[in-house]
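For reference, upload_27.cif is printed below; it contains mmCIF, C-alpha atoms.
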data_my_file
loop_
_atom_site.group_PDB
_atom_site.id
_atom_site.type_symbol
_atom_site.label_atom_id
_atom_site.label_comp_id
_atom_site.auth_asym_id
_atom_site.auth_seq_id
_atom_site.Cartn_x
_atom_site.Cartn_y
_atom_site.Cartn_z
ATOM 1 C CA MET A 1 -44.731 72.948 36.404
ATOM 2 C CA PRO A 2 -41.690 74.174 34.475
ATOM 3 C CA CYS A 3 -39.333 71.526 33.211
ATOM 4 C CA GLU A 4 -36.195 72.544 35.093
ATOM 5 C CA GLY A 5 -36.162 69.218 36.884
ATOM 6 C CA GLY A 6 -37.138 68.194 40.388
ATOM 7 C CA VAL A 7 -39.570 65.702 38.939
ATOM 8 C CA ASP A 8 -39.166 61.981 38.553
ATOM 9 C CA LYS A 9 -38.963 60.244 35.222
ATOM 10 C CA LEU A 10 -42.167 58.271 34.725
ATOM 11 C CA ASP A 11 -41.874 54.521 34.718
ATOM 12 C CA ALA A 12 -43.064 52.653 31.622
ATOM 13 C CA ALA A 13 -46.369 51.575 33.180
ATOM 14 C CA ARG A 14 -47.349 55.114 34.165
ATOM 15 C CA ALA A 15 -46.183 56.481 30.794
ATOM 16 C CA ALA A 16 -48.341 53.897 29.004
ATOM 17 C CA GLU A 17 -51.301 54.860 31.186
ATOM 18 C CA LEU A 18 -50.927 58.581 30.391
ATOM 19 C CA HIS A 19 -50.275 57.799 26.742
ATOM 20 C CA ARG A 20 -53.867 56.512 26.470
ATOM 21 C CA GLN A 21 -54.995 60.120 27.059
ATOM 22 C CA VAL A 22 -53.059 61.414 24.006
ATOM 23 C CA PRO A 23 -53.295 58.525 21.526
ATOM 24 C CA ALA A 24 -52.471 60.703 18.506
ATOM 25 C CA TRP A 25 -48.905 60.910 19.807
ATOM 26 C CA GLN A 26 -46.353 58.177 19.366
ATOM 27 C CA LEU A 27 -44.466 57.191 22.463
ATOM 28 C CA ARG A 28 -40.935 56.214 21.466
ATOM 29 C CA ASP A 29 -37.462 56.452 22.991
ATOM 30 C CA ASP A 30 -38.947 58.075 26.096
ATOM 31 C CA LYS A 31 -40.352 60.924 24.001
ATOM 32 C CA LEU A 32 -43.734 61.900 22.615
ATOM 33 C CA TYR A 33 -43.856 62.534 18.880
ATOM 34 C CA ARG A 34 -46.616 63.769 16.583
ATOM 35 C CA ARG A 35 -46.686 65.012 12.984
ATOM 36 C CA PHE A 36 -49.196 67.728 12.085
ATOM 37 C CA THR A 37 -50.019 68.535 8.464
ATOM 38 C CA PHE A 38 -51.662 71.740 7.282
ATOM 39 C CA ARG A 39 -52.979 73.251 4.061
ATOM 40 C CA ASP A 40 -49.879 75.386 3.524
ATOM 41 C CA PHE A 41 -46.938 77.096 5.218
ATOM 42 C CA LYS A 42 -49.079 79.966 6.538
ATOM 43 C CA ALA A 43 -51.438 77.570 8.279
ATOM 44 C CA ALA A 44 -48.491 75.618 9.692
ATOM 45 C CA MET A 45 -47.020 78.856 11.071
ATOM 46 C CA ARG A 46 -50.316 79.812 12.715
ATOM 47 C CA PHE A 47 -50.197 76.490 14.542
ATOM 48 C CA VAL A 48 -46.525 76.989 15.454
ATOM 49 C CA ASP A 49 -47.275 80.405 16.962
ATOM 50 C CA GLN A 50 -50.191 79.071 18.990
ATOM 51 C CA MET A 51 -48.043 76.181 20.169
ATOM 52 C CA ALA A 52 -45.329 78.663 21.188
ATOM 53 C CA ASP A 53 -47.851 80.588 23.296
ATOM 54 C CA VAL A 54 -48.955 77.389 25.024
ATOM 55 C CA ALA A 55 -45.304 76.470 25.625
ATOM 56 C CA GLU A 56 -44.535 79.832 27.200
ATOM 57 C CA GLY A 57 -47.674 79.545 29.349
ATOM 58 C CA GLU A 58 -46.621 76.100 30.553
ATOM 59 C CA GLY A 59 -42.962 77.002 30.945
ATOM 60 C CA HIS A 60 -42.341 73.819 28.973
ATOM 61 C CA HIS A 61 -41.143 73.816 25.368
ATOM 62 C CA PRO A 62 -41.544 71.203 22.664
ATOM 63 C CA ASP A 63 -38.968 70.663 19.964
ATOM 64 C CA PHE A 64 -40.402 71.069 16.507
ATOM 65 C CA ALA A 65 -39.340 70.995 12.887
ATOM 66 C CA VAL A 66 -41.169 72.756 10.066
ATOM 67 C CA HIS A 67 -41.071 71.515 6.488
ATOM 68 C CA TYR A 68 -43.438 73.762 4.517
ATOM 69 C CA ASN A 69 -46.915 72.549 5.606
ATOM 70 C CA ARG A 70 -45.683 69.863 7.993
ATOM 71 C CA VAL A 71 -44.762 70.293 11.651
ATOM 72 C CA ASP A 72 -43.063 67.474 13.552
ATOM 73 C CA VAL A 73 -43.311 67.958 17.302
ATOM 74 C CA THR A 74 -41.281 66.114 19.930
ATOM 75 C CA ILE A 75 -41.876 66.485 23.648
ATOM 76 C CA TRP A 76 -39.805 65.277 26.572
ATOM 77 C CA THR A 77 -38.374 66.647 29.780
ATOM 78 C CA HIS A 78 -34.781 67.583 29.032
ATOM 79 C CA ALA A 79 -33.742 67.915 32.685
ATOM 80 C CA ILE A 80 -34.512 64.260 33.384
ATOM 81 C CA ASP A 81 -33.959 63.033 29.819
ATOM 82 C CA GLY A 82 -37.289 61.282 29.932
ATOM 83 C CA LEU A 83 -40.998 61.774 30.270
ATOM 84 C CA SER A 84 -42.779 63.536 33.101
ATOM 85 C CA GLU A 85 -46.500 64.203 33.592
ATOM 86 C CA ASN A 86 -45.908 67.718 32.222
ATOM 87 C CA ASP A 87 -45.084 66.251 28.836
ATOM 88 C CA PHE A 88 -48.479 64.606 28.547
ATOM 89 C CA ILE A 89 -50.214 67.806 29.683
ATOM 90 C CA LEU A 90 -48.350 69.789 27.014
ATOM 91 C CA ALA A 91 -49.243 67.165 24.378
ATOM 92 C CA ALA A 92 -52.934 67.399 25.307
ATOM 93 C CA LYS A 93 -52.847 71.193 25.077
ATOM 94 C CA ILE A 94 -51.153 71.025 21.665
ATOM 95 C CA ASP A 95 -53.777 68.498 20.511
ATOM 96 C CA ALA A 96 -56.428 71.082 21.363
ATOM 97 C CA LEU A 97 -54.869 73.497 18.824
ATOM 98 C CA ALA A 98 -54.928 71.079 15.897
ATOM 99 C CA PRO A 99 -57.709 71.435 13.338
ATOM 100 C CA MET B 1 -38.774 83.482 -8.016
ATOM 101 C CA PRO B 2 -40.882 80.826 -6.325
ATOM 102 C CA CYS B 3 -39.313 77.417 -5.932
ATOM 103 C CA GLU B 4 -41.776 75.361 -7.967
ATOM 104 C CA GLY B 5 -39.086 74.445 -10.414
ATOM 105 C CA GLY B 6 -38.193 75.649 -13.875
ATOM 106 C CA VAL B 7 -34.750 76.629 -12.693
ATOM 107 C CA ASP B 8 -31.514 74.783 -13.160
ATOM 108 C CA LYS B 9 -29.548 73.242 -10.334
ATOM 109 C CA LEU B 10 -26.374 75.279 -9.825
ATOM 110 C CA ASP B 11 -23.131 73.591 -10.620
ATOM 111 C CA ALA B 12 -20.522 73.314 -7.873
ATOM 112 C CA ALA B 13 -18.419 76.217 -9.146
ATOM 113 C CA ARG B 14 -21.346 78.648 -9.232
ATOM 114 C CA ALA B 15 -22.593 77.410 -5.840
ATOM 115 C CA ALA B 16 -19.127 78.012 -4.359
ATOM 116 C CA GLU B 17 -19.077 81.503 -5.858
ATOM 117 C CA LEU B 18 -22.481 82.400 -4.384
ATOM 118 C CA HIS B 19 -21.525 80.766 -1.102
ATOM 119 C CA ARG B 20 -18.880 83.444 -0.607
ATOM 120 C CA GLN B 21 -21.750 85.967 -0.268
ATOM 121 C CA VAL B 22 -23.281 84.088 2.673
ATOM 122 C CA PRO B 23 -20.251 82.687 4.514
ATOM 123 C CA ALA B 24 -22.139 82.150 7.780
ATOM 124 C CA TRP B 25 -23.978 79.285 6.104
ATOM 125 C CA GLN B 26 -22.501 75.848 5.621
ATOM 126 C CA LEU B 27 -22.797 74.400 2.156
ATOM 127 C CA ARG B 28 -23.241 70.657 2.450
ATOM 128 C CA ASP B 29 -25.079 67.928 0.544
ATOM 129 C CA ASP B 30 -26.351 70.506 -1.919
ATOM 130 C CA LYS B 31 -28.057 72.436 0.872
ATOM 131 C CA LEU B 32 -27.371 75.576 2.877
ATOM 132 C CA TYR B 33 -27.377 75.150 6.644
ATOM 133 C CA ARG B 34 -27.056 77.621 9.505
ATOM 134 C CA ARG B 35 -27.656 77.416 13.260
ATOM 135 C CA PHE B 36 -28.947 80.530 15.018
ATOM 136 C CA THR B 37 -28.849 80.822 18.816
ATOM 137 C CA PHE B 38 -30.889 83.277 20.858
ATOM 138 C CA ARG B 39 -31.299 84.357 24.457
ATOM 139 C CA ASP B 40 -34.403 82.282 25.007
ATOM 140 C CA PHE B 41 -37.384 80.632 23.322
ATOM 141 C CA LYS B 42 -39.279 83.917 22.954
ATOM 142 C CA ALA B 43 -36.387 85.503 21.057
ATOM 143 C CA ALA B 44 -36.022 82.396 18.893
ATOM 144 C CA MET B 45 -39.732 82.576 18.029
ATOM 145 C CA ARG B 46 -39.463 86.239 17.083
ATOM 146 C CA PHE B 47 -36.766 85.274 14.600
ATOM 147 C CA VAL B 48 -38.850 82.345 13.325
ATOM 148 C CA ASP B 49 -41.824 84.616 12.677
ATOM 149 C CA GLN B 50 -39.703 87.159 10.820
ATOM 150 C CA MET B 51 -38.130 84.367 8.795
ATOM 151 C CA ALA B 52 -41.626 83.065 7.946
ATOM 152 C CA ASP B 53 -42.611 86.517 6.667
ATOM 153 C CA VAL B 54 -39.514 86.657 4.463
ATOM 154 C CA ALA B 55 -40.265 83.136 3.195
ATOM 155 C CA GLU B 56 -43.833 84.045 2.271
ATOM 156 C CA GLY B 57 -42.563 87.193 0.562
ATOM 157 C CA GLU B 58 -40.050 85.197 -1.459
ATOM 158 C CA GLY B 59 -42.425 82.329 -2.170
ATOM 159 C CA HIS B 60 -39.541 80.143 -0.991
ATOM 160 C CA HIS B 61 -39.530 78.324 2.338
ATOM 161 C CA PRO B 62 -36.645 77.141 4.474
ATOM 162 C CA ASP B 63 -36.871 74.043 6.621
ATOM 163 C CA PHE B 64 -36.168 74.775 10.245
ATOM 164 C CA ALA B 65 -36.040 73.045 13.596
ATOM 165 C CA VAL B 66 -36.493 74.787 16.944
ATOM 166 C CA HIS B 67 -34.933 73.466 20.135
ATOM 167 C CA TYR B 68 -35.731 76.056 22.832
ATOM 168 C CA ASN B 69 -33.345 78.957 21.984
ATOM 169 C CA ARG B 70 -31.750 77.304 18.954
ATOM 170 C CA VAL B 71 -33.021 77.406 15.373
ATOM 171 C CA ASP B 72 -31.433 75.192 12.722
ATOM 172 C CA VAL B 73 -32.271 76.376 9.232
ATOM 173 C CA THR B 74 -31.804 74.397 6.028
ATOM 174 C CA ILE B 75 -32.392 75.843 2.578
ATOM 175 C CA TRP B 76 -32.565 74.127 -0.765
ATOM 176 C CA THR B 77 -34.828 74.021 -3.794
ATOM 177 C CA HIS B 78 -37.037 70.982 -3.349
ATOM 178 C CA ALA B 79 -38.270 70.922 -6.959
ATOM 179 C CA ILE B 80 -34.751 70.376 -8.299
ATOM 180 C CA ASP B 81 -33.382 68.666 -5.160
ATOM 181 C CA GLY B 82 -30.447 71.010 -5.208
ATOM 182 C CA LEU B 83 -29.403 74.626 -4.926
ATOM 183 C CA SER B 84 -30.644 77.501 -7.070
ATOM 184 C CA GLU B 85 -29.796 81.199 -6.898
ATOM 185 C CA ASN B 86 -33.020 81.725 -4.928
ATOM 186 C CA ASP B 87 -31.571 79.726 -2.058
ATOM 187 C CA PHE B 88 -28.660 82.116 -1.679
ATOM 188 C CA ILE B 89 -30.991 85.122 -1.871
ATOM 189 C CA LEU B 90 -33.180 83.634 0.868
ATOM 190 C CA ALA B 91 -30.081 82.903 2.995
ATOM 191 C CA ALA B 92 -28.913 86.510 2.651
ATOM 192 C CA LYS B 93 -32.338 87.818 3.648
ATOM 193 C CA ILE B 94 -32.415 85.533 6.687
ATOM 194 C CA ASP B 95 -28.906 86.697 7.649
ATOM 195 C CA ALA B 96 -30.257 90.239 7.714
ATOM 196 C CA LEU B 97 -32.729 89.235 10.465
ATOM 197 C CA ALA B 98 -30.150 87.756 12.799
ATOM 198 C CA PRO B 99 -28.957 89.865 15.732
#
Show me this structure written as structure tokens.
Amino acid sequence: MPCEGGVDKLDAARAAELHRQVPAWQLRDDKLYRRFTFRDFKAAMRFVDQMADVAEGEGHHPDFAVHYNRVDVTIWTHAIDGLSENDFILAAKIDALAP
Amino acid sequence: MPCEGGVDKLDAARAAELHRQVPAWQLRDDKLYRRFTFRDFKAAMRFVDQMADVAEGEGHHPDFAVHYNRVDVTIWTHAIDGLSENDFILAAKIDALAP
């Protein structure tokens, strides 16, 4: 589902339950956060482009910051300023791209 | 020139002089900073990919953060923890990509 709202913010218990499915992500301040590190900038950009395709497919977009070979990704549902199930689905799909 | 070092940090007077060539960028904390805003995520990603090509061509890589249609770009020369002429050249080349 796109992230335009209409979904409820997950409560802490449900968020913790879903978090067990994507343990590589940190759950903090009602956001999911993961750092990915690559061989070089080119490899980081290949990941970024694949992540962008997944985001467009999901209609749900992560925030990310690129520092040469490092990509810091943050996921949350802006419309509710918190986490929804979609965030965990997006995190799992991004995990599948990582080497 | 690639950013692996071997260049001198610009002094404030020279940085201010070069800054006049790329006035859309803010010069702060010895870094160049510019926010670009696009119609949507797809357009932002097109810009990001073009910027990545320029960066690879220059052998000099900006930091950037993407938040849906917004791209915040920061340029400096890591090896000298300050600004070199290359930073202003990269900024000018990135300016040329913006709509």
Exercise for review: Please provide as a list in words all residues within 9 Å of Val71 (chain B), with the sequence filter that same-chain residues fewer than 3 positions apart are discarded (counting only C-alpha atoms).
Suggested key: Arg34, Arg35, Phe36, Thr37, Phe38, Ala44, Met45, Phe47, Val48, Phe64, Ala65, Val66, His67 and Tyr68 of chain B
**Study point:** Neighbours of chain A in chain B at 12 Å, counting all atoms listed in the file, as a PyMOL selection string
**Key:** chain B and resi 3+40-57+59-78
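Computed from the coordinates, the CA of Ala24 (chain A) to CA of Ala12 (chain A) distance equals 18.0 Å.
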Exercise for review: Expand the PyMOL selection byres ((chain B and resi 83) around 7) into the individual residues it matches in the shown file, reporting them as a PyMOL selection string.
Suggested key: chain B and resi 9-10+30-31+76-77+82+84-85+87
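Atom to atom, CA of Leu27 (chain B) and CA of Arg39 (chain B) stand 25.9 Å apart.
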